[in-house]
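Peer 1: Attaching a single structure in structure tokens format; questions to follow.
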Protein chains: 2
Amino acid sequence: MTETDPASVPERKRGSGVKMVYELLRDEILDLVLPPGSPIDEVQLAERFKMSRTPIREALVRLSGEGLIDTLPNRSTMVANIDFLNLHTFFDALVLMYRVTTRLAAQYQRPEDLVAIRAAQARFTAAAEAGDALAMIATNAALHAAIAEAGRNPYYISLFNRLLDEGRRILRLYYQSYGDRLPQQFVDEHEDMIAAIEARDIDAADRLAKAHAEQIVAQIQALFSRNQRHDIDL
Amino acid sequence: MTETDPASVPERKRGSGVKMVYELLRDEILDLVLPPGSPIDEVQLAERFKMSRTPIREALVRLSGEGLIDTLPNRSTMVANIDFLNLHTFFDALVLMYRVTTRLAAQYQRPEDLVAIRAAQARFTAAAEAGDALAMIATNAALHAAIAEAGRNPYYISLFNRLLDEGRRILRLYYQSYGDRLPQQFVDEHEDMIAAIEARDIDAADRLAKAHAEQIVAQIQALFSRNQRHDIDL
DNA sequence: TGTATTTTATTTGTCGACAAGAAATCGCCG
DNA sequence: CGGCGATTTCTTGTCGACAAATAAAATACA
């Protein structure tokens, strides 16, 4: 299981091994290619990437620091579970960060930020029109990350990225279950938010971000309440 | 330089090495025993702790993930600098987290939380009465960490701890410069906050936390404006 | 046949050594 | 005497191997 390009690493530069493993493993976790609870075998990864266990372990330590994997001392290490029982803490933090980062973006945006934001929005719109749920999930996170960057608060950026990552896993589950039914609504809401940011209208940015976030949260909550009869085998 | 107990590690259990190095290095960084910009030499640490470079490196990767050290690829690694030019982002996030965590503590506190909070407050009061600035810094952070724990939002707890860590470094600088002049005011403000948490008065908790945070921020800002003539050689 | 104990097997944590990269040093030539 | 390239040095990144810790399997015993 978890097969991926076994013949794409003939030679590789000195510091690139860890980064490669880190990013690929991270993507696989966030896209649920490695679902929560999946065991992670160092030696297996070492063979797969044709490198020693040392850089693998460094990548795993990094991922562990971000809470994406859990490590049992002296025993197995596995993909971190999604804490469904405390999702409200996630939603709470997510809504707050949506608001704060969008506010700050409206306050501190520079022209180059808007270029990046619009580019991300274009990618999101394309994904939405193509009906590509996976791309929508990724580009939505990227868009909001770009907005957060414009706010220029590294502490918020860091926490928000972590929340967006976790959100990718949860949304992945969402679209996985409900056959990629995608709301055009998101595109419009994003447009309004970007317009408020560009106009430096802080209050409007805050209000729109709050509505946007709460709408997403409500959708996810509706999904989970409809799905509670299903076994969530994690 | 950086001499510390060279003869205290005769034998040690299997997984304890990294943890020990991590915690000790972390404390030394936060207490400015290792000031920002200090070079960190792996082999030197390895000799100092009588262990291989491997566990040292793992501890360093952890610290790097928390932003406490910066690593130049293939080149030196050193204690992360304090970004004085963007302190406002720190203050902004700090005030917000003070408020949010205190609010949530008032909302979700349980009896055992109050026990922990009161214990932390007692330690802080003792440090304040003893005029021990270093202990005040550490116990103040511990008190607010305990309050955050009562709020039970792991995302907030994580970010707040990071902010409190950075705050420890900044406050350390503060008291270093100003000869341990300590405000009794903090003790009283803490008492009021704890009372609001205990009474589950969310609005009061929020208001008090905001005032408390902004007061601390104002003090630090006053310090830096008075100190701008001094060279800050970091 | 069920349970406790020893043995095996698997996986992690640690080690010492080597090689690559980059700065500092040295030597060469103008 | 000064600039420039080669060499040396020093630190990091990677490797393969070994040892400890734990779970699973096998064995002994009641």
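Residue numbering restarts at 1 in every chain; chains get A, B, ... in the order shown in the structure tokens, and ligands count up from 1 in that same order.
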Show me, as a tab-separated table (two decimals) with N, CA and C atoms, in the first residue's frame, the residues that have an atom within 9 Å of A:Glu198 when counting only C-alpha atoms (C1' of nucleotides), minus same-chain residues fewer than 4 positions from it.

Peer 2:
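The result, stored in selection-v3.tsv:
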chain	number	residue	atom	x	y	z
A	105	ALA	N	-5.31	41.80	6.71
A	105	ALA	CA	-5.03	41.93	5.28
A	105	ALA	C	-5.61	43.23	4.75
A	106	ALA	N	-6.83	43.55	5.17
A	106	ALA	CA	-7.43	44.81	4.73
A	106	ALA	C	-6.63	45.99	5.25
A	109	GLN	N	-2.49	45.39	3.48
A	109	GLN	CA	-2.22	44.87	2.14
A	109	GLN	C	-1.40	45.83	1.29
A	110	ARG	N	-0.56	45.23	0.47
A	110	ARG	CA	0.22	45.98	-0.50
A	110	ARG	C	-0.16	45.45	-1.88
A	111	PRO	N	0.18	46.20	-2.90
A	111	PRO	CA	-0.21	45.77	-4.25
A	111	PRO	C	0.20	44.33	-4.56
A	114	LEU	N	-2.14	41.69	-3.32
A	114	LEU	CA	-3.37	41.52	-4.08
A	114	LEU	C	-3.14	40.70	-5.34
A	193	MET	N	-14.85	39.29	-0.20
A	193	MET	CA	-13.79	39.47	0.78
A	193	MET	C	-12.60	40.18	0.16
A	194	ILE	N	-12.23	39.75	-1.02
A	194	ILE	CA	-11.07	40.36	-1.68
A	194	ILE	C	-11.34	41.83	-1.97

Peer 1: Using only C-alpha atoms, which residues of chain B come within 7 Å of chain A, and what is the closest atom pair for each, with the distance in Å to one decimal? Give it as CSV, sorted by chain and residue number.

Peer 2:
residue,atom,partner,partner_atom,distance
B:Glu58,CA,A:Glu58,CA,6.9
B:Val61,CA,A:Arg62,CA,6.9
B:Arg62,CA,A:Gly65,CA,6.6
B:Gly65,CA,A:Gly65,CA,6.5
B:Thr89,CA,A:Asn153,CA,5.3
B:Ala93,CA,A:Tyr155,CA,6.8
B:Asn153,CA,A:Thr89,CA,5.3
B:Tyr155,CA,A:Ala93,CA,6.8
B:Leu159,CA,A:Leu159,CA,6.6

Peer 1: Quick check for you: according to DSSP on this backbone, which residues of stretch 26-155 of chain B are classed as alpha helix (DSSP H)? Reply as a PyMOL selection string.

Peer 2: chain B and resi 26-30+42-49+53-65+87-108+111-130+133-151+154-155

Peer 1: Residues within 10 Å of C:DA19, please, as a list in words. Count only C-alpha atoms (C1' of nucleotides); anything in the same chain fewer than 4 positions from it doesn't count.

Peer 2: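 Listed by chain and then number, they are DG13, DT14 and DC15 of chain D.
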
Peer 1: Could you list, as a compact mmCIF listing (two decimals) with N, CA, C and O atoms (P, O5', C5', C4', C3', O3' and C1' of nucleotides), in the first residue's frame, the residues of chain D having an atom within 12 Å of chain A when counting only C-alpha atoms (C1' of nucleotides)?

Peer 2:
# COMPACT_ATOMS: atom_id res chain seq x y z
P DT D 12 27.20 22.48 12.82
O5' DT D 12 26.54 21.84 11.52
C5' DT D 12 26.19 22.68 10.43
C4' DT D 12 25.93 21.84 9.19
C3' DT D 12 24.74 20.89 9.31
O3' DT D 12 23.92 21.02 8.16
C1' DT D 12 26.68 19.72 8.61
P DG D 13 22.44 20.41 8.17
O5' DG D 13 22.61 19.06 7.33
C5' DG D 13 22.84 19.17 5.94
C4' DG D 13 23.06 17.80 5.34
C3' DG D 13 21.95 16.78 5.62
O3' DG D 13 21.67 16.10 4.40
C1' DG D 13 24.03 15.90 6.31
P DT D 14 20.45 15.05 4.33
O5' DT D 14 21.24 13.66 4.33
C5' DT D 14 22.24 13.45 3.35
C4' DT D 14 22.96 12.15 3.63
C3' DT D 14 22.05 10.94 3.89
O3' DT D 14 22.27 10.00 2.86
C1' DT D 14 23.86 11.05 5.45
P DC D 15 21.34 8.73 2.74
O5' DC D 15 22.28 7.62 3.38
C5' DC D 15 23.62 7.49 2.89
C4' DC D 15 24.44 6.61 3.80
C3' DC D 15 23.78 5.28 4.17
O3' DC D 15 24.43 4.22 3.50
C1' DC D 15 24.87 6.33 6.05
P DG D 16 23.69 2.89 3.19
O5' DG D 16 24.25 1.91 4.30
C5' DG D 16 25.66 1.71 4.39
C4' DG D 16 26.00 1.14 5.74
C3' DG D 16 25.21 -0.13 6.14
O3' DG D 16 26.12 -1.14 6.53
C1' DG D 16 25.10 1.52 7.86
P DA D 17 25.60 -2.53 7.05
O5' DA D 17 25.80 -2.39 8.62
C5' DA D 17 27.03 -1.86 9.10
C4' DA D 17 26.99 -1.75 10.62
C3' DA D 17 26.35 -2.96 11.32
O3' DA D 17 27.12 -3.29 12.45
C1' DA D 17 25.26 -0.98 11.97
P DA D 20 22.13 -2.68 25.19
O5' DA D 20 20.67 -2.05 25.35
C5' DA D 20 20.53 -0.63 25.36
C4' DA D 20 19.08 -0.24 25.10
C3' DA D 20 18.06 -0.91 26.01
O3' DA D 20 17.08 0.05 26.37
C1' DA D 20 17.52 -1.36 23.76
P DA D 21 16.19 -0.16 27.66
O5' DA D 21 14.73 -0.28 27.03
C5' DA D 21 14.30 0.72 26.12
C4' DA D 21 13.08 0.24 25.36
C3' DA D 21 12.07 -0.53 26.21
O3' DA D 21 10.79 0.02 25.98
C1' DA D 21 12.60 -1.74 24.26
P DT D 22 9.62 -0.22 27.06
O5' DT D 22 8.51 -0.94 26.16
C5' DT D 22 8.25 -0.43 24.85
C4' DT D 22 7.82 -1.54 23.93
C3' DT D 22 6.75 -2.48 24.50
O3' DT D 22 5.57 -2.30 23.75
C1' DT D 22 8.41 -3.66 23.29
P DA D 23 4.17 -2.85 24.24
O5' DA D 23 3.82 -3.89 23.09
C5' DA D 23 3.88 -3.45 21.74
C4' DA D 23 3.98 -4.63 20.81
C3' DA D 23 2.90 -5.70 20.99
O3' DA D 23 2.43 -6.09 19.72
C1' DA D 23 5.03 -6.70 21.15

Peer 1: What are the closest atom pairs, with distances in Å to one decimal, for each residue of chain C lying within 12 Å of chain B, using only C-alpha atoms (C1' of nucleotides), rows by chain and rising residue number, as a Markdown table?

Peer 2:
| residue | atom | partner | partner_atom | distance |
| --- | --- | --- | --- | --- |
| C:DT12 | C1' | B:Gly15 | CA | 9.6 |
| C:DG13 | C1' | B:Arg14 | CA | 6.6 |
| C:DT14 | C1' | B:Ser52 | CA | 6.9 |
| C:DC15 | C1' | B:Ser52 | CA | 6.1 |
| C:DG16 | C1' | B:Ser52 | CA | 8.3 |
| C:DA17 | C1' | B:Ser52 | CA | 11.8 |
| C:DA20 | C1' | B:Asn74 | CA | 9.1 |
| C:DG21 | C1' | B:Asn74 | CA | 6.3 |
| C:DA22 | C1' | B:Arg75 | CA | 7.1 |
| C:DA23 | C1' | B:Arg75 | CA | 9.2 |

Peer 1: Atom CA of B:Ala145 to atom CA of B:Met97: how many Å, to one decimal?

Peer 2: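 About the pair atom CA of B:Ala145 and atom CA of B:Met97: they are 10.7 Å apart.
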
Peer 1: Which stretch 64-93 of chain B residues have any atom within 12 Å of an atom of stretch 166-169 of chain B, and for each, what is the nearest pair of atoms with distance in Å to one decimal, counting only C-alpha atoms, rows sorted by chain and number, as CSV?

Peer 2:
residue,atom,partner,partner_atom,distance
B:Glu66,CA,B:Glu166,CA,10.4
B:Gly67,CA,B:Glu166,CA,9.6
B:Leu68,CA,B:Glu166,CA,8.6
B:Ile69,CA,B:Glu166,CA,12.0
B:Val79,CA,B:Arg169,CA,11.6
B:Ala80,CA,B:Glu166,CA,10.4
B:Asn81,CA,B:Arg169,CA,10.2
B:Ile82,CA,B:Glu166,CA,8.1
B:Asp83,CA,B:Glu166,CA,10.3
B:Phe84,CA,B:Glu166,CA,11.6
B:Leu87,CA,B:Gly167,CA,10.5
B:Phe90,CA,B:Glu166,CA,8.6
B:Phe91,CA,B:Gly167,CA,9.3
B:Ala93,CA,B:Gly167,CA,11.3

Peer 1: Work out how far apart atom CA of A:Leu208 and atom CA of A:Ala138 are and give it in Å to one decimal.

Peer 2: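 Between atom CA of A:Leu208 and atom CA of A:Ala138 the gap is 20.9 Å.
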
Peer 1: Find the residues around D:DT7 up to 12 Å (only C-alpha atoms (C1' of nucleotides) counted), leave out those fewer than 4 positions away in its own chain, and share them as a list in words.

Peer 2: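 These residues fall inside the cut-off: DA24, DT25, DC26 and DG27 of chain C.
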
Peer 1: Quick one, how far is atom CA of A:Ile137 from atom CA of A:Ile170?

Peer 2: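 Here the two named atoms are 9.8 Å from each other.
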